[in-house]
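Inspection log for the structure reproduced underneath, given as structure tokens.
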Amino acid sequence: MSHGADRVWSVTEHLESILGQLTPLEPIELQLLDAQGCVLVEDATVPVALPQFENSSMDGYAVRVADTQAATGEHPAVLDVVGDVAAGGGELPTVRPGQAARIMTGAPIPPGAEAVVPVEWTDGGAGGGPVTTMIAHSLDPAGASGEVRVHRPAEAGQFIRARGSDVAAGELALAAGTELGPPQIGLLAAIGRSTVTVRPRPRVVVLSTGSELVQPGEPLGPGRIHDSNSFTLTAAARAAGAIAYRVGAVTDEVETLRATIEDQLIRADIVVTSGGVSVGAYDVVKEALSSFGGSFGEDSEEAGGHVEFRKLAMQPGKPQGFGRIGPDRTPLFALPGNPVSAYVSFEVFVRPAIRTLMGAPSVHREVVQAACVTAIDRSPEGRRQFLRGHYDRTTGTVTPVGGSGSHLIRALAHADALIVVPEVATSVAAGEKVDVVLLD
């Protein structure tokens, strides 16, 4: 235990001291789909214009403007169809005066054509009135020849996508620092990138401690409870952008716990434990990790690293541990065992750490101000309280869900926000504005 054990730390001090020790992971090159959820570390520029050629935005007929100027429903322009132009097709027919080419969406504009008339403005080559669709080429190969009647005049450039109208060559496609979701992955593919340099998603190992814990699906004996924390925290780590591994529950034995953690360091950028950090006789996380030696924030040369346990001015989540352990000084978060305490602690401390290692543009959750619908009668003076709540975006209000107990996991499952009652407040009146951390 270090010299800071008796000090009470504020939430802000504890978080800043953690993030101050962390730097983003080293960049790696990944295949596009492997880079989903990662953060780009280089600007991605467009090598060639998109689209690379003029193409049609409609299924219809490529025409010359002069040939359709006088077209009406009663007196349609009758044009000779000189061929089909399909997306990805081969040689293009030339459209000369009095001619048209049947064209599909995305297909290049053939030489001589100045506009596209949608098929709905024509008889589709069927010799009657306006049609709503083309007959499939496989059913009517002759549709690429013969005549077409155009019932409305076309304007120059109509339904033609200009070359480079999406992005021009050399233009910035995605800036460094962009988090890659499905649309960004699609854009990179569209500009021809097969790999990309990103910061990898952090690997987070999650384990619970407690001899009373039983895995879900197994029967409960006397005094036993199901291990929910390792599932909650693993899911939370994934939601934050990490690759998470759930180890499950470890019994309350110091050597077993220490050996388990040491075994996991090979695949961990962060280790998260829950339970065993308070002041009880069986709080083995404290006992196992305090013996690593060194003090929080110091560059210890000892092989084991160092972990410090602190008392924080927060509720829930007063007991917290953080340190750097193992040969790579892997960050370890020792969170309280109560389910709500563990989750709130994760949101406040671990999630920003994951986002920092990712190099993410947004490290913190969005915080908004909202009117609290019902009064909060009591909040401990000098401690920042986090209460579960439901936020209504339409009205800009938040409603507390459940009580303040740190074991009320059902209330947590029905909440989508954390209501923050500051250290100086001992209550919140109905209608009073509070800070709200949005959880989704």
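By convention in this document, the chains of the structure tokens carry letters A, B, ... by their order, each chain's residues are numbered from 1, and ligands are numbered from 1 in the order they are shown.
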
Problem - Backbone DSSP call of strand (DSSP E or B) for region 29-266 of chain A, listed as an MDAnalysis selection string - result: chainID A and resid 29:31 39:40 44:45 50 55:56 60:63 77:85 99:103 108 115:118 122 147:150 160:161 167 172:174 179 195:199 203:209 213:214 225:226 243:250

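The shortest atom-to-atom distance to Glu347 (chain A), with only C-alpha atoms taken into account, belongs to A:Leu15 out of A:Leu15, A:Ala429, A:Val204, A:Ala413.
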
Handout entry: Of the listed residues A:Gln69, A:Gln369, A:Gln21, A:Gln52, that which approaches Asp392 (chain A) most closely, counting only C-alpha atoms
Key = A:Gln369

Exercise for the section: Return as a ChimeraX atom specification the full set of residues in region 22-203 of chain A whose backbone-based DSSP assignment is helix (DSSP H, G or I). Expected result: /A:32-35,65-68,119-121,141-144,182-190

Could those residues be written to a file, using N, CA and C atoms, as a PDB file, in the first residue's frame?
```pdb
ATOM      1  N   LEU A  32      -9.377  -3.967 -44.664  1.00  0.00           N
ATOM      2  CA  LEU A  32     -10.487  -3.043 -44.414  1.00  0.00           C
ATOM      3  C   LEU A  32     -11.461  -3.529 -43.347  1.00  0.00           C
ATOM      4  N   LEU A  33     -11.983  -4.739 -43.502  1.00  0.00           N
ATOM      5  CA  LEU A  33     -13.002  -5.196 -42.555  1.00  0.00           C
ATOM      6  C   LEU A  33     -12.423  -5.439 -41.162  1.00  0.00           C
ATOM      7  N   ASP A  34     -11.143  -5.749 -41.091  1.00  0.00           N
ATOM      8  CA  ASP A  34     -10.510  -5.896 -39.778  1.00  0.00           C
ATOM      9  C   ASP A  34     -10.337  -4.553 -39.085  1.00  0.00           C
ATOM     10  N   ALA A  35     -10.409  -3.472 -39.854  1.00  0.00           N
ATOM     11  CA  ALA A  35     -10.208  -2.122 -39.297  1.00  0.00           C
ATOM     12  C   ALA A  35     -11.495  -1.492 -38.804  1.00  0.00           C
ATOM     13  N   VAL A  65     -30.071  16.296 -77.056  1.00  0.00           N
ATOM     14  CA  VAL A  65     -31.100  17.232 -76.608  1.00  0.00           C
ATOM     15  C   VAL A  65     -31.982  17.693 -77.769  1.00  0.00           C
ATOM     16  N   ALA A  66     -31.373  18.029 -78.921  1.00  0.00           N
ATOM     17  CA  ALA A  66     -32.136  18.584 -80.045  1.00  0.00           C
ATOM     18  C   ALA A  66     -33.215  17.625 -80.530  1.00  0.00           C
ATOM     19  N   ASP A  67     -32.965  16.311 -80.362  1.00  0.00           N
ATOM     20  CA  ASP A  67     -33.916  15.325 -80.877  1.00  0.00           C
ATOM     21  C   ASP A  67     -35.198  15.244 -80.047  1.00  0.00           C
ATOM     22  N   THR A  68     -35.178  15.766 -78.822  1.00  0.00           N
ATOM     23  CA  THR A  68     -36.360  15.638 -77.951  1.00  0.00           C
ATOM     24  C   THR A  68     -37.021  16.974 -77.657  1.00  0.00           C
ATOM     25  N   VAL A 119     -37.007   5.923 -68.311  1.00  0.00           N
ATOM     26  CA  VAL A 119     -37.867   5.024 -69.057  1.00  0.00           C
ATOM     27  C   VAL A 119     -39.341   5.411 -68.902  1.00  0.00           C
ATOM     28  N   GLU A 120     -39.690   6.018 -67.758  1.00  0.00           N
ATOM     29  CA  GLU A 120     -41.083   6.405 -67.513  1.00  0.00           C
ATOM     30  C   GLU A 120     -41.557   7.509 -68.455  1.00  0.00           C
ATOM     31  N   TRP A 121     -40.627   8.220 -69.106  1.00  0.00           N
ATOM     32  CA  TRP A 121     -40.993   9.272 -70.065  1.00  0.00           C
ATOM     33  C   TRP A 121     -41.132   8.705 -71.487  1.00  0.00           C
ATOM     34  N   PRO A 141     -34.354  -9.455 -75.733  1.00  0.00           N
ATOM     35  CA  PRO A 141     -33.064  -8.972 -76.270  1.00  0.00           C
ATOM     36  C   PRO A 141     -33.239  -7.915 -77.359  1.00  0.00           C
ATOM     37  N   ALA A 142     -34.391  -7.921 -78.027  1.00  0.00           N
ATOM     38  CA  ALA A 142     -34.619  -6.960 -79.108  1.00  0.00           C
ATOM     39  C   ALA A 142     -34.866  -5.551 -78.590  1.00  0.00           C
ATOM     40  N   GLY A 143     -35.039  -5.417 -77.259  1.00  0.00           N
ATOM     41  CA  GLY A 143     -35.290  -4.084 -76.690  1.00  0.00           C
ATOM     42  C   GLY A 143     -34.144  -3.134 -76.897  1.00  0.00           C
ATOM     43  N   ALA A 144     -32.970  -3.665 -77.213  1.00  0.00           N
ATOM     44  CA  ALA A 144     -31.800  -2.817 -77.443  1.00  0.00           C
ATOM     45  C   ALA A 144     -31.767  -2.292 -78.875  1.00  0.00           C
ATOM     46  N   PRO A 182     -19.266   1.465 -40.811  1.00  0.00           N
ATOM     47  CA  PRO A 182     -19.619   0.908 -42.130  1.00  0.00           C
ATOM     48  C   PRO A 182     -19.523   1.896 -43.296  1.00  0.00           C
ATOM     49  N   PRO A 183     -20.035   3.136 -43.186  1.00  0.00           N
ATOM     50  CA  PRO A 183     -19.919   4.043 -44.341  1.00  0.00           C
ATOM     51  C   PRO A 183     -18.481   4.410 -44.671  1.00  0.00           C
ATOM     52  N   GLN A 184     -17.651   4.547 -43.620  1.00  0.00           N
ATOM     53  CA  GLN A 184     -16.241   4.901 -43.853  1.00  0.00           C
ATOM     54  C   GLN A 184     -15.494   3.735 -44.506  1.00  0.00           C
ATOM     55  N   ILE A 185     -15.793   2.507 -44.062  1.00  0.00           N
ATOM     56  CA  ILE A 185     -15.196   1.320 -44.684  1.00  0.00           C
ATOM     57  C   ILE A 185     -15.588   1.270 -46.161  1.00  0.00           C
ATOM     58  N   GLY A 186     -16.867   1.573 -46.441  1.00  0.00           N
ATOM     59  CA  GLY A 186     -17.345   1.570 -47.820  1.00  0.00           C
ATOM     60  C   GLY A 186     -16.647   2.606 -48.680  1.00  0.00           C
ATOM     61  N   LEU A 187     -16.427   3.803 -48.125  1.00  0.00           N
ATOM     62  CA  LEU A 187     -15.739   4.855 -48.882  1.00  0.00           C
ATOM     63  C   LEU A 187     -14.303   4.442 -49.193  1.00  0.00           C
ATOM     64  N   LEU A 188     -13.615   3.849 -48.219  1.00  0.00           N
ATOM     65  CA  LEU A 188     -12.241   3.407 -48.460  1.00  0.00           C
ATOM     66  C   LEU A 188     -12.195   2.361 -49.567  1.00  0.00           C
ATOM     67  N   ALA A 189     -13.172   1.454 -49.560  1.00  0.00           N
ATOM     68  CA  ALA A 189     -13.232   0.452 -50.625  1.00  0.00           C
ATOM     69  C   ALA A 189     -13.494   1.118 -51.979  1.00  0.00           C
ATOM     70  N   ALA A 190     -14.379   2.122 -51.979  1.00  0.00           N
ATOM     71  CA  ALA A 190     -14.745   2.797 -53.234  1.00  0.00           C
ATOM     72  C   ALA A 190     -13.566   3.525 -53.866  1.00  0.00           C
TER      73      ALA A 190
END
```

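Of the residues under consideration (A:Ser17, A:Thr45, A:Ser10, A:Thr232), A:Ser10 shows the shortest atom-to-atom contact distance to Lys318 (chain A) when counting only C-alpha atoms.
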
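Minimum distance to Leu412 (chain A) across A:Gly73, A:Gly389, A:Gly83, A:Gly359 (counting only C-alpha atoms) occurs at A:Gly389.
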
Non-local contacts of Cys38 (chain A) (8 Å; only C-alpha atoms; under 6 positions in same chain excluded) as a short mmCIF file (atom, residue, chain, number, x, y, z; two decimals) with N, CA and C atoms, in the first residue's frame:
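Done, and the output landed in out-v3.cif:
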```
data_model
loop_
_atom_site.label_atom_id
_atom_site.label_comp_id
_atom_site.auth_asym_id
_atom_site.auth_seq_id
_atom_site.Cartn_x
_atom_site.Cartn_y
_atom_site.Cartn_z
N GLU A 179 -13.04 7.55 -36.76
CA GLU A 179 -13.38 6.20 -36.34
C GLU A 179 -14.11 5.51 -37.49
N LEU A 180 -13.66 4.32 -37.84
CA LEU A 180 -14.14 3.66 -39.06
C LEU A 180 -15.39 2.82 -38.79
N VAL A 198 -4.22 2.03 -38.90
CA VAL A 198 -5.11 2.45 -37.81
C VAL A 198 -4.45 2.14 -36.47
N ARG A 199 -5.03 2.69 -35.42
CA ARG A 199 -4.68 2.22 -34.08
C ARG A 199 -5.57 1.01 -33.79
N PRO A 200 -5.01 -0.09 -33.30
CA PRO A 200 -5.82 -1.28 -33.08
C PRO A 200 -6.81 -1.08 -31.94
N ARG A 201 -7.85 -1.89 -31.94
CA ARG A 201 -8.78 -1.87 -30.82
C ARG A 201 -8.10 -2.49 -29.60
N GLY A 241 -15.55 -0.12 -27.83
CA GLY A 241 -14.69 -0.26 -29.00
C GLY A 241 -13.56 -1.26 -28.83
N MET A 358 -7.30 3.75 -27.94
CA MET A 358 -7.73 3.69 -29.34
C MET A 358 -7.30 4.91 -30.13
#
```

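Within 12 Å of Phe231 (chain A), once only C-alpha atoms are used and residues closer than 6 positions along the same chain are dropped, the contacting residues are Val205, Val206, Leu207, Ser208, Gln215, Pro216, Ala237, Arg238, Ala244, Tyr245, Arg246, Val247, Gly248, Ala249, Val272, Thr273, Ser274, Pro339, Ala342 and Tyr343 of chain A.
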
Restricted to all heavy atoms, what would the selected residues look like written as a short mmCIF file (atom, residue, chain, number, x, y, z; two decimals), in the first residue's frame?
```
data_model
loop_
_atom_site.label_atom_id
_atom_site.label_comp_id
_atom_site.auth_asym_id
_atom_site.auth_seq_id
_atom_site.Cartn_x
_atom_site.Cartn_y
_atom_site.Cartn_z
N VAL A 205 -9.10 -7.65 -20.87
CA VAL A 205 -9.39 -8.89 -20.17
C VAL A 205 -10.20 -8.56 -18.91
O VAL A 205 -9.81 -7.71 -18.12
CB VAL A 205 -8.10 -9.64 -19.79
CG1 VAL A 205 -8.39 -10.80 -18.86
CG2 VAL A 205 -7.39 -10.13 -21.05
N VAL A 206 -11.33 -9.24 -18.77
CA VAL A 206 -12.25 -8.97 -17.65
C VAL A 206 -12.36 -10.23 -16.79
O VAL A 206 -12.60 -11.33 -17.30
CB VAL A 206 -13.65 -8.59 -18.18
CG1 VAL A 206 -14.62 -8.39 -17.02
CG2 VAL A 206 -13.57 -7.33 -19.03
N LEU A 207 -12.22 -10.04 -15.48
CA LEU A 207 -12.47 -11.16 -14.57
C LEU A 207 -13.13 -10.67 -13.30
O LEU A 207 -12.92 -9.55 -12.85
CB LEU A 207 -11.18 -11.94 -14.28
CG LEU A 207 -9.97 -11.20 -13.70
CD1 LEU A 207 -9.97 -11.32 -12.19
CD2 LEU A 207 -8.69 -11.79 -14.26
N SER A 208 -13.95 -11.53 -12.74
CA SER A 208 -14.61 -11.26 -11.45
C SER A 208 -13.91 -12.06 -10.37
O SER A 208 -13.34 -13.12 -10.64
CB SER A 208 -16.09 -11.67 -11.50
OG SER A 208 -16.80 -10.96 -12.48
N GLN A 215 -21.27 -19.51 -12.44
CA GLN A 215 -21.51 -19.12 -13.81
C GLN A 215 -22.99 -19.26 -14.17
O GLN A 215 -23.66 -20.19 -13.71
CB GLN A 215 -20.68 -19.98 -14.77
CG GLN A 215 -19.19 -19.76 -14.65
CD GLN A 215 -18.81 -18.29 -14.79
OE1 GLN A 215 -19.05 -17.68 -15.83
NE2 GLN A 215 -18.25 -17.70 -13.75
N PRO A 216 -23.53 -18.33 -14.97
CA PRO A 216 -24.92 -18.46 -15.41
C PRO A 216 -25.13 -19.81 -16.09
O PRO A 216 -24.26 -20.31 -16.82
CB PRO A 216 -25.08 -17.32 -16.43
CG PRO A 216 -24.04 -16.32 -16.04
CD PRO A 216 -22.90 -17.11 -15.50
N ALA A 237 -16.98 -3.19 -22.40
CA ALA A 237 -15.69 -2.98 -23.08
C ALA A 237 -15.87 -3.08 -24.59
O ALA A 237 -15.32 -2.29 -25.35
CB ALA A 237 -14.66 -4.00 -22.59
N ARG A 238 -16.67 -4.04 -25.04
CA ARG A 238 -16.94 -4.17 -26.48
C ARG A 238 -17.68 -2.95 -27.00
O ARG A 238 -17.39 -2.46 -28.09
CB ARG A 238 -17.75 -5.45 -26.74
CG ARG A 238 -16.92 -6.71 -26.56
CD ARG A 238 -17.75 -7.97 -26.75
NE ARG A 238 -16.92 -9.16 -26.57
CZ ARG A 238 -17.40 -10.39 -26.43
NH1 ARG A 238 -18.70 -10.59 -26.46
NH2 ARG A 238 -16.58 -11.41 -26.27
N ALA A 244 -12.79 -7.70 -26.22
CA ALA A 244 -12.85 -8.06 -24.81
C ALA A 244 -12.86 -9.57 -24.62
O ALA A 244 -13.50 -10.30 -25.38
CB ALA A 244 -14.08 -7.44 -24.16
N TYR A 245 -12.14 -10.02 -23.61
CA TYR A 245 -12.08 -11.43 -23.24
C TYR A 245 -12.60 -11.59 -21.82
O TYR A 245 -12.09 -10.96 -20.89
CB TYR A 245 -10.64 -11.95 -23.30
CG TYR A 245 -9.95 -11.72 -24.63
CD1 TYR A 245 -8.97 -10.74 -24.76
CD2 TYR A 245 -10.27 -12.48 -25.74
CE1 TYR A 245 -8.33 -10.53 -25.97
CE2 TYR A 245 -9.64 -12.28 -26.97
CZ TYR A 245 -8.67 -11.30 -27.07
OH TYR A 245 -8.03 -11.09 -28.26
N ARG A 246 -13.62 -12.44 -21.65
CA ARG A 246 -14.17 -12.67 -20.32
C ARG A 246 -13.53 -13.92 -19.73
O ARG A 246 -13.68 -15.02 -20.26
CB ARG A 246 -15.69 -12.86 -20.40
CG ARG A 246 -16.38 -12.88 -19.05
CD ARG A 246 -17.83 -13.33 -19.17
NE ARG A 246 -17.92 -14.76 -19.42
CZ ARG A 246 -17.94 -15.68 -18.46
NH1 ARG A 246 -17.90 -15.32 -17.18
NH2 ARG A 246 -18.01 -16.96 -18.77
N VAL A 247 -12.80 -13.75 -18.63
CA VAL A 247 -12.17 -14.88 -17.96
C VAL A 247 -13.16 -15.54 -17.01
O VAL A 247 -13.12 -16.74 -16.79
CB VAL A 247 -10.90 -14.42 -17.20
CG1 VAL A 247 -10.29 -15.57 -16.42
CG2 VAL A 247 -9.89 -13.85 -18.19
N GLY A 248 -14.10 -14.76 -16.46
CA GLY A 248 -15.05 -15.34 -15.51
C GLY A 248 -14.59 -15.13 -14.08
O GLY A 248 -13.76 -14.27 -13.79
N ALA A 249 -15.12 -15.95 -13.19
CA ALA A 249 -14.90 -15.74 -11.75
C ALA A 249 -13.67 -16.50 -11.26
O ALA A 249 -13.41 -17.63 -11.66
CB ALA A 249 -16.14 -16.18 -10.98
N VAL A 272 -9.28 -5.69 -16.27
CA VAL A 272 -10.32 -5.15 -15.40
C VAL A 272 -10.78 -6.25 -14.45
O VAL A 272 -11.20 -7.33 -14.91
CB VAL A 272 -11.54 -4.64 -16.21
CG1 VAL A 272 -12.61 -4.09 -15.26
CG2 VAL A 272 -11.12 -3.56 -17.20
N THR A 273 -10.66 -6.01 -13.15
CA THR A 273 -11.20 -6.94 -12.16
C THR A 273 -12.36 -6.26 -11.44
O THR A 273 -12.45 -5.03 -11.40
CB THR A 273 -10.14 -7.35 -11.11
OG1 THR A 273 -9.85 -6.22 -10.27
CG2 THR A 273 -8.86 -7.83 -11.77
N SER A 274 -13.25 -7.08 -10.88
CA SER A 274 -14.31 -6.52 -10.03
C SER A 274 -14.40 -7.34 -8.77
O SER A 274 -14.29 -8.56 -8.80
CB SER A 274 -15.66 -6.50 -10.76
OG SER A 274 -16.11 -7.81 -11.02
N PRO A 339 -22.65 -4.77 -8.45
CA PRO A 339 -22.87 -4.66 -9.89
C PRO A 339 -23.00 -3.23 -10.41
O PRO A 339 -22.41 -2.90 -11.43
CB PRO A 339 -24.16 -5.45 -10.11
CG PRO A 339 -24.17 -6.46 -9.02
CD PRO A 339 -23.56 -5.75 -7.84
N ALA A 342 -19.68 -1.42 -10.07
CA ALA A 342 -18.73 -1.87 -11.08
C ALA A 342 -19.02 -1.20 -12.42
O ALA A 342 -18.11 -0.71 -13.10
CB ALA A 342 -18.79 -3.39 -11.22
N TYR A 343 -20.31 -1.16 -12.80
CA TYR A 343 -20.65 -0.57 -14.10
C TYR A 343 -20.40 0.93 -14.12
O TYR A 343 -19.84 1.47 -15.09
CB TYR A 343 -22.11 -0.87 -14.46
CG TYR A 343 -22.50 -0.24 -15.78
CD1 TYR A 343 -21.94 -0.70 -16.97
CD2 TYR A 343 -23.38 0.82 -15.84
CE1 TYR A 343 -22.27 -0.12 -18.18
CE2 TYR A 343 -23.71 1.41 -17.05
CZ TYR A 343 -23.16 0.93 -18.22
OH TYR A 343 -23.47 1.53 -19.42
#
```

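Interatomic distance, CA of Ala176 (chain A) to CA of Pro27 (chain A): 11.8 Å.
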